[in-house]
$ cat upload32.csv   # CSV, C-alpha atoms and all ligand atoms
chain,number,residue,atom,x,y,z
N,1,MET,CA,20.0,-10.1,-21.9
N,2,VAL,CA,18.6,-8.2,-18.9
N,3,ASN,CA,15.0,-7.0,-19.3
N,4,ARG,CA,14.9,-3.4,-18.1
N,5,ASN,CA,11.1,-3.0,-18.5
N,6,LYS,CA,10.6,-3.9,-14.9
N,7,VAL,CA,10.2,-0.9,-12.7
N,8,ILE,CA,10.2,-1.1,-8.9
N,9,ILE,CA,9.5,1.4,-6.1
N,10,VAL,CA,10.9,0.3,-2.7
N,11,THR,CA,9.7,2.6,0.0
N,12,GLY,CA,12.2,3.4,2.7
N,13,SER,CA,15.2,2.1,0.8
N,14,SER,CA,18.0,4.3,2.0
N,15,ARG,CA,19.0,1.6,4.5
N,16,GLY,CA,18.3,-1.8,6.0
N,17,ILE,CA,15.9,-4.2,4.4
N,18,GLY,CA,14.7,-1.6,1.8
N,19,ALA,CA,18.3,-0.9,0.7
N,20,ALA,CA,19.0,-4.6,0.3
N,21,THR,CA,15.8,-5.1,-1.7
N,22,ALA,CA,16.7,-2.2,-4.0
N,23,ILE,CA,20.1,-3.7,-4.7
N,24,GLU,CA,18.8,-7.2,-5.2
N,25,ALA,CA,16.1,-5.8,-7.6
N,26,ALA,CA,18.9,-4.1,-9.6
N,27,LYS,CA,20.7,-7.5,-9.9
N,28,GLN,CA,17.4,-9.0,-11.2
N,29,GLY,CA,17.0,-6.4,-13.9
N,30,TYR,CA,14.7,-3.8,-12.4
N,31,SER,CA,14.9,-0.1,-12.8
N,32,VAL,CA,14.8,1.1,-9.2
N,33,CYS,CA,13.3,4.0,-7.3
N,34,ILE,CA,15.0,4.6,-4.0
N,35,ASN,CA,12.7,6.4,-1.6
N,36,TYR,CA,13.7,8.0,1.7
N,37,ILE,CA,12.6,10.7,4.1
N,38,ASN,CA,15.7,12.1,5.9
N,39,ASP,CA,19.0,10.6,4.9
N,40,ARG,CA,19.9,11.7,1.4
N,41,GLU,CA,23.5,10.6,1.8
N,42,LYS,CA,22.5,7.0,2.6
N,43,ALA,CA,20.0,7.0,-0.3
N,44,GLU,CA,22.9,8.2,-2.6
N,45,GLN,CA,25.1,5.3,-1.4
N,46,VAL,CA,22.3,2.8,-2.3
N,47,ALA,CA,21.9,4.5,-5.7
N,48,GLU,CA,25.6,4.2,-6.4
N,49,ALA,CA,25.4,0.4,-5.7
N,50,VAL,CA,22.3,0.1,-7.9
N,51,SER,CA,23.9,2.0,-10.7
N,52,LEU,CA,27.1,0.0,-10.5
N,53,LEU,CA,24.9,-3.0,-11.3
N,54,GLY,CA,23.9,-1.4,-14.5
N,55,ALA,CA,20.3,-0.5,-13.4
N,56,SER,CA,18.5,2.8,-14.0
N,57,CYS,CA,18.0,4.5,-10.7
N,58,LEU,CA,16.0,7.4,-9.3
N,59,ILE,CA,16.1,8.8,-5.8
N,60,VAL,CA,12.9,10.4,-4.6
N,61,LYS,CA,12.5,12.0,-1.2
N,62,ALA,CA,8.8,11.6,-0.2
N,63,ASN,CA,7.0,11.1,3.1
N,64,VAL,CA,4.8,8.1,2.2
N,65,ILE,CA,2.2,8.9,4.8
N,66,GLN,CA,1.2,12.0,2.8
N,67,GLN,CA,-1.1,11.2,-0.1
N,68,GLU,CA,0.1,14.1,-2.3
N,69,GLU,CA,3.7,13.1,-1.8
N,70,VAL,CA,2.9,9.5,-2.7
N,71,ALA,CA,1.2,10.7,-5.8
N,72,ARG,CA,4.3,12.8,-6.7
N,73,LEU,CA,6.6,9.8,-6.0
N,74,PHE,CA,4.7,7.6,-8.4
N,75,GLU,CA,4.4,10.3,-11.1
N,76,GLU,CA,8.1,11.0,-11.0
N,77,VAL,CA,8.9,7.3,-11.3
N,78,GLU,CA,6.6,6.8,-14.2
N,79,GLN,CA,7.9,9.8,-16.0
N,80,GLN,CA,11.6,8.9,-15.5
N,81,LEU,CA,11.7,5.1,-15.3
N,82,GLY,CA,8.5,4.0,-17.0
N,83,PRO,CA,5.3,2.2,-15.9
N,84,ILE,CA,5.6,0.7,-12.4
N,85,THR,CA,5.5,-3.0,-12.3
N,86,ALA,CA,6.4,-3.7,-8.7
N,87,LEU,CA,5.9,-2.0,-5.3
N,88,VAL,CA,7.5,-3.0,-2.0
N,89,ASN,CA,5.9,-1.3,1.0
N,90,ASN,CA,8.9,-1.4,3.3
N,91,VAL,CA,8.6,1.7,5.4
N,92,GLY,CA,8.1,1.0,9.0
N,93,VAL,CA,9.0,2.5,12.4
N,94,LEU,CA,9.0,1.5,16.0
N,95,HIS,CA,9.6,3.6,19.1
N,96,GLU,CA,11.1,2.9,22.5
N,97,LYS,CA,10.0,-0.1,24.5
N,98,MET,CA,7.1,0.6,26.7
N,99,LYS,CA,4.2,-1.2,28.3
N,100,MET,CA,0.9,-0.7,26.4
N,101,VAL,CA,-0.8,0.9,29.4
N,102,ASP,CA,1.8,3.7,29.3
N,103,MET,CA,1.7,4.5,25.6
N,104,PRO,CA,0.7,8.0,24.7
N,105,LEU,CA,-2.0,7.8,22.1
N,106,SER,CA,-0.1,10.4,20.0
N,107,ARG,CA,2.7,7.8,19.7
N,108,VAL,CA,0.2,5.0,18.8
N,109,GLU,CA,-1.3,7.3,16.2
N,110,SER,CA,2.1,8.1,14.7
N,111,VAL,CA,3.1,4.4,14.5
N,112,LEU,CA,-0.2,3.4,12.9
N,113,LYS,CA,0.0,6.3,10.4
N,114,THR,CA,3.5,5.4,9.3
N,115,ASN,CA,3.1,1.6,9.2
N,116,VAL,CA,-0.5,1.3,8.0
N,117,LEU,CA,-1.5,4.5,6.2
N,118,SER,CA,1.7,4.4,4.1
N,119,VAL,CA,0.7,1.0,2.8
N,120,PHE,CA,-2.9,2.1,1.9
N,121,ALA,CA,-1.6,5.3,0.2
N,122,CYS,CA,1.1,3.5,-1.9
N,123,CYS,CA,-1.1,0.5,-2.8
N,124,GLN,CA,-3.9,2.9,-3.9
N,125,GLU,CA,-1.5,4.7,-6.2
N,126,ALA,CA,0.1,1.5,-7.5
N,127,ILE,CA,-3.3,-0.2,-8.3
N,128,LYS,CA,-4.6,2.9,-10.2
N,129,ARG,CA,-1.6,2.5,-12.5
N,130,MET,CA,-1.3,-1.3,-12.6
N,131,ALA,CA,-4.9,-2.4,-12.9
N,132,ILE,CA,-6.0,-3.8,-16.3
N,133,SER,CA,-9.3,-2.1,-16.0
N,134,SER,CA,-7.4,1.3,-15.9
N,135,GLY,CA,-5.3,0.4,-18.9
N,136,GLY,CA,-2.4,-1.1,-17.0
N,137,ASN,CA,-0.6,-4.4,-17.4
N,138,GLY,CA,-0.9,-5.7,-13.8
N,139,GLY,CA,1.9,-6.0,-11.3
N,140,CYS,CA,3.1,-7.2,-8.0
N,141,ILE,CA,3.0,-5.7,-4.5
N,142,VAL,CA,4.9,-7.0,-1.5
N,143,ASN,CA,4.2,-5.7,2.0
N,144,VAL,CA,6.8,-5.8,4.7
N,145,SER,CA,5.1,-6.8,7.9
N,146,SER,CA,6.8,-8.4,10.9
N,147,ALA,CA,6.8,-11.5,13.1
N,148,ALA,CA,5.5,-9.1,15.7
N,149,SER,CA,2.0,-9.4,14.1
N,150,ARG,CA,2.0,-13.1,15.2
N,151,LEU,CA,3.9,-12.6,18.5
N,152,GLY,CA,2.3,-9.4,19.8
N,153,SER,CA,5.5,-7.7,21.2
N,154,ALA,CA,4.2,-7.7,24.8
N,155,GLY,CA,6.1,-5.3,27.1
N,156,GLU,CA,7.9,-3.8,24.1
N,157,TYR,CA,5.8,-2.3,21.2
N,158,ILE,CA,2.2,-3.6,21.0
N,159,ASP,CA,1.5,-0.5,18.9
N,160,TYR,CA,4.0,-1.7,16.3
N,161,ALA,CA,2.8,-5.3,16.5
N,162,ALA,CA,-0.8,-4.1,16.0
N,163,SER,CA,0.1,-2.0,13.0
N,164,LYS,CA,1.7,-5.0,11.4
N,165,GLY,CA,-1.4,-7.1,12.1
N,166,ALA,CA,-3.3,-4.5,10.1
N,167,VAL,CA,-0.7,-4.9,7.2
N,168,ASP,CA,-1.3,-8.7,7.3
N,169,THR,CA,-5.1,-8.3,7.0
N,170,LEU,CA,-4.8,-5.6,4.3
N,171,THR,CA,-2.6,-8.1,2.3
N,172,ILE,CA,-5.3,-10.8,2.5
N,173,GLY,CA,-8.2,-8.5,1.5
N,174,LEU,CA,-6.4,-6.6,-1.2
N,175,SER,CA,-5.0,-9.8,-2.8
N,176,LYS,CA,-8.5,-11.0,-3.3
N,177,GLU,CA,-9.8,-7.6,-4.5
N,178,VAL,CA,-7.2,-7.0,-7.2
N,179,ALA,CA,-6.5,-10.6,-8.4
N,180,ILE,CA,-8.8,-9.9,-11.3
N,181,GLU,CA,-6.7,-6.9,-12.2
N,182,ASN,CA,-3.7,-9.2,-12.7
N,183,ILE,CA,-2.1,-7.8,-9.5
N,184,ARG,CA,-0.6,-10.1,-6.9
N,185,VAL,CA,-0.2,-9.0,-3.3
N,186,ASN,CA,2.0,-10.8,-0.9
N,187,CYS,CA,3.7,-10.2,2.4
N,188,VAL,CA,7.0,-11.0,4.2
N,189,ARG,CA,7.2,-11.2,8.0
N,190,PRO,CA,10.8,-10.7,9.1
N,191,GLY,CA,11.9,-11.4,12.7
N,192,PHE,CA,15.2,-10.1,14.1
N,193,ILE,CA,17.2,-8.6,11.3
N,194,HIS,CA,20.4,-6.6,11.6
N,195,THR,CA,19.3,-3.1,10.8
N,196,ASP,CA,19.2,0.4,12.5
N,197,ILE,CA,15.5,0.0,13.4
N,198,HIS,CA,16.5,-1.5,16.7
N,199,ARG,CA,18.6,1.6,17.5
N,200,ASP,CA,15.5,3.7,16.9
N,201,GLY,CA,13.7,1.4,19.4
N,202,GLY,CA,16.3,2.2,22.0
N,203,GLU,CA,18.4,-1.0,21.9
N,204,ALA,CA,20.9,-1.1,19.1
N,205,SER,CA,22.1,-4.6,20.0
N,206,ARG,CA,18.7,-6.1,20.4
N,207,VAL,CA,19.2,-8.8,17.7
N,208,GLU,CA,22.5,-9.9,19.3
N,209,ARG,CA,20.8,-10.2,22.7
N,210,LEU,CA,17.9,-12.3,21.4
N,211,ALA,CA,19.8,-14.4,18.8
N,212,SER,CA,20.5,-17.4,21.1
N,213,ALA,CA,16.8,-17.7,21.9
N,214,LEU,CA,16.0,-18.3,18.2
N,215,PRO,CA,15.8,-21.8,16.8
N,216,LEU,CA,18.4,-20.9,14.2
N,217,LYS,CA,20.6,-19.2,16.9
N,218,ARG,CA,21.3,-16.0,14.9
N,219,GLY,CA,19.7,-12.8,13.6
N,220,GLY,CA,18.9,-12.4,10.0
N,221,GLU,CA,20.5,-10.4,7.3
N,222,PRO,CA,18.6,-7.8,5.2
N,223,SER,CA,19.6,-9.6,2.1
N,224,GLU,CA,17.9,-12.8,3.3
N,225,VAL,CA,14.6,-10.8,3.5
N,226,ALA,CA,15.3,-9.2,0.1
N,227,ASN,CA,15.7,-12.6,-1.5
N,228,ALA,CA,12.2,-13.6,-0.3
N,229,ILE,CA,10.7,-10.3,-1.5
N,230,LEU,CA,12.3,-10.7,-5.0
N,231,TRP,CA,10.9,-14.2,-5.3
N,232,LEU,CA,7.4,-13.0,-4.4
N,233,LEU,CA,7.8,-10.4,-7.2
N,234,SER,CA,9.1,-12.8,-9.7
N,235,GLU,CA,7.4,-15.1,-12.3
N,236,GLU,CA,8.5,-18.0,-10.2
N,237,SER,CA,5.8,-17.2,-7.7
N,238,SER,CA,3.1,-16.6,-10.4
N,239,TYR,CA,0.4,-18.6,-8.6
N,240,VAL,CA,1.1,-17.1,-5.2
N,241,THR,CA,-1.1,-14.3,-3.9
N,242,GLY,CA,-2.3,-13.4,-0.4
N,243,SER,CA,0.6,-15.4,1.0
N,244,PHE,CA,3.1,-14.8,3.8
N,245,ILE,CA,6.8,-15.8,4.1
N,246,ASP,CA,8.0,-15.8,7.7
N,247,LEU,CA,11.7,-14.9,8.0
N,248,ALA,CA,12.2,-15.2,11.7
N,249,GLY,CA,14.9,-17.8,12.3
N,250,GLY,CA,12.2,-20.4,13.2
N,251,LEU,CA,10.3,-18.3,15.7
F,301,LIG,P1,15.2,0.9,9.0
F,301,LIG,O1,16.6,0.4,8.9
F,301,LIG,O2,14.9,1.7,10.2
F,301,LIG,O3,14.9,1.8,7.7
F,301,LIG,C1,13.7,2.5,7.6
F,301,LIG,C2,13.6,3.2,6.3
F,301,LIG,O4,12.4,3.8,6.1
F,301,LIG,C3,14.7,4.3,6.0
F,301,LIG,O5,15.1,4.2,4.7
F,301,LIG,C4,13.9,5.6,6.3
F,301,LIG,O6,14.4,6.7,5.6
F,301,LIG,C5,12.5,5.2,5.7
F,301,LIG,N1,11.4,5.9,6.2
F,301,LIG,C6,10.9,6.0,7.5
F,301,LIG,N2,9.8,6.7,7.6
F,301,LIG,C7,9.5,7.1,6.3
F,301,LIG,C8,8.5,7.9,5.7
F,301,LIG,N3,7.5,8.4,6.4
F,301,LIG,N4,8.5,8.1,4.3
F,301,LIG,C9,9.6,7.6,3.6
F,301,LIG,N5,10.6,6.8,4.1
F,301,LIG,C10,10.5,6.6,5.4
F,301,LIG,O7,14.2,-0.3,8.9
F,301,LIG,P2,14.4,-1.8,8.6
F,301,LIG,O8,14.8,-2.5,9.9
F,301,LIG,O9,15.1,-2.1,7.4
F,301,LIG,O10,12.8,-2.2,8.4
F,301,LIG,C11,12.2,-2.2,7.2
F,301,LIG,C12,10.8,-2.9,7.3
F,301,LIG,O11,11.0,-4.2,7.9
F,301,LIG,C13,9.9,-2.1,8.3
F,301,LIG,O12,8.6,-2.1,7.9
F,301,LIG,C14,10.0,-2.9,9.6
F,301,LIG,O13,8.9,-2.8,10.4
F,301,LIG,C15,10.2,-4.3,9.0
F,301,LIG,N6,10.8,-5.2,10.0
F,301,LIG,C16,12.1,-5.1,10.4
F,301,LIG,C17,12.6,-6.0,11.3
F,301,LIG,C18,14.1,-5.9,11.7
F,301,LIG,O14,14.4,-6.7,12.6
F,301,LIG,N7,14.9,-5.0,11.2
F,301,LIG,C19,11.9,-7.1,11.8
F,301,LIG,C20,10.6,-7.2,11.3
F,301,LIG,C21,10.0,-6.3,10.4
F,301,LIG,P3,15.6,7.6,6.2
F,301,LIG,O15,16.9,6.8,6.1
F,301,LIG,O16,15.6,8.8,5.3
F,301,LIG,O17,15.2,8.0,7.6

$ encode --input "upload32.csv" --output "structure tokens"
Amino acid sequence: MVNRNKVIIVTGSSRGIGAATAIEAAKQGYSVCINYINDREKAEQVAEAVSLLGASCLIVKANVIQQEEVARLFEEVEQQLGPITALVNNVGVLHEKMKMVDMPLSRVESVLKTNVLSVFACCQEAIKRMAISSGGNGGCIVNVSSAASRLGSAGEYIDYAASKGAVDTLTIGLSKEVAIENIRVNCVRPGFIHTDIHRDGGEASRVERLASALPLKRGGEPSEVANAILWLLSEESSYVTGSFIDLAGGL
């Protein structure tokens, strides 16, 4: 018997790692909120896959760097799916390869806003609802960082790498702050995963180009990251908080 009391929000789940996470969550008995910003059609395709698995599903368009939109997102989910038990902060962007010295600060600001402020905004809203001291039942948060936070992305996207470094640090601090509220906070750090983010970075075949340099000699699949996220959200990881799983083919 599948327990449908688990409710998850996966930010940026119209494609890529977020979509794979939404689908895996549906398989594991969650009611699923699919969030997106532009591509309604893709979000609907993910929703169809989720519904075919028998899961309740809600699509919410919301820009997760806007505090009021984040509040609306959480409110809609709570009204329609029930109290939120899990949050995956998956939204992340990168821009074209460029040396740090040439990066317009407007670009750096935009990357930091999307990749860092969105995590602050969504964590704040989740904690208000999950915390035992506010009448909640606890919950789990998984942040999607990147191997870039360890490697630095020299010559490519130091702005992106630095934003993911901030996500790592936030994960450590927040995990300690909210442990007493029965909320666990963990993080995954993918490496080179086959998704469209590389197209947005100006090189659609980046994973193929770099695969042979990786110890495992291949790029990763979104579902491989999703499996790690779902484990961190599950009871099987009940004593794990403030931890990181690197999914970077050995890099
Ligand atoms: P992706 O394929 O580019 O998908 C990005 C998703 O985020 C889309 O669903 C997009 O919605 C949504 N989105 C973007 N900005 C948003 C905003 N402001 N508000 C709401 N939704 C927004 O990305 P991905 O490759 O799956 O990456 C997912 C996460 O993994 C990111 O944090 C990324 O940094 C991290 N990561 C990826 C890799 C990799 O190799 N792919 C490696 C390391 C880390 P629309 O479809 O509507 O535009």

$ axis_aligned_box --input "upload32.csv" --around "ligand LIG 301 (chain F)" --padding-each-side "8 Å" --output "lines of an AutoDock Vina configuration file"
center_x = 12.2
center_y = 0.8
center_z = 8.1
size_x = 25.4
size_y = 32.0
size_z = 25.0

$ closest_residue --input "upload32.csv" --among "N:Leu117, N:Leu214, N:Met98, N:Met130" --to "ligand LIG 301 (chain F)" --atoms "all atoms listed in the file"
N:Leu117

$ residues_near_ligand --input "upload32.csv" --ligand "ligand LIG 301 (chain F)" --cutoff "8 Å" --atoms "all atoms listed in the file" --output "MDAnalysis selection string"
chainID N and resid 11:19 35:40 42:43 61:65 89:94 114:115 118 144:148 160 164 189:198 200 207 220 222

$ closest_residue --input "upload32.csv" --among "N:Ala22, N:Ile132, N:Leu233, N:Ala71" --to "Ile59 (chain N)" --atoms "only C-alpha atoms"
N:Ala22

$ closest_residue --input "upload32.csv" --among "N:Ser243, N:Lys128, N:Gly135, N:Ala248" --to "Glu221 (chain N)" --atoms "all atoms listed in the file"
N:Ala248

$ closest_residue --input "upload32.csv" --among "N:Leu81, N:Cys123, N:Leu87, N:Val108" --to "Ala55 (chain N)" --atoms "only C-alpha atoms"
N:Leu81

$ closest_residue --input "upload32.csv" --among "N:Glu69, N:Glu78, N:Asp168, N:Glu156" --to "Ile245 (chain N)" --atoms "only C-alpha atoms"
N:Asp168

$ closest_residue --input "upload32.csv" --among "N:Val60, N:Ile8, N:Val240, N:Ala211" --to "Lys176 (chain N)" --atoms "only C-alpha atoms"
N:Val240

$ residues_around --input "upload32.csv" --residues "Ala26 (chain N)" --least-positions-apart "3" --cutoff "12 Å" --atoms "only C-alpha atoms" --output "ChimeraX atom specification"
/N:2-10,19-23,29-34,46-58,226,230

$ atom_distance --input "upload32.csv" --atom1 "CA of Leu216 (chain N)" --atom2 "CA of Thr171 (chain N)"
27.3 Å

$ atom_distance --input "upload32.csv" --atom1 "CA of Ala86 (chain N)" --atom2 "CA of Glu235 (chain N)"
12.0 Å

$ atom_distance --input "upload32.csv" --atom1 "CA of Ser134 (chain N)" --atom2 "CA of Ala25 (chain N)"
25.9 Å
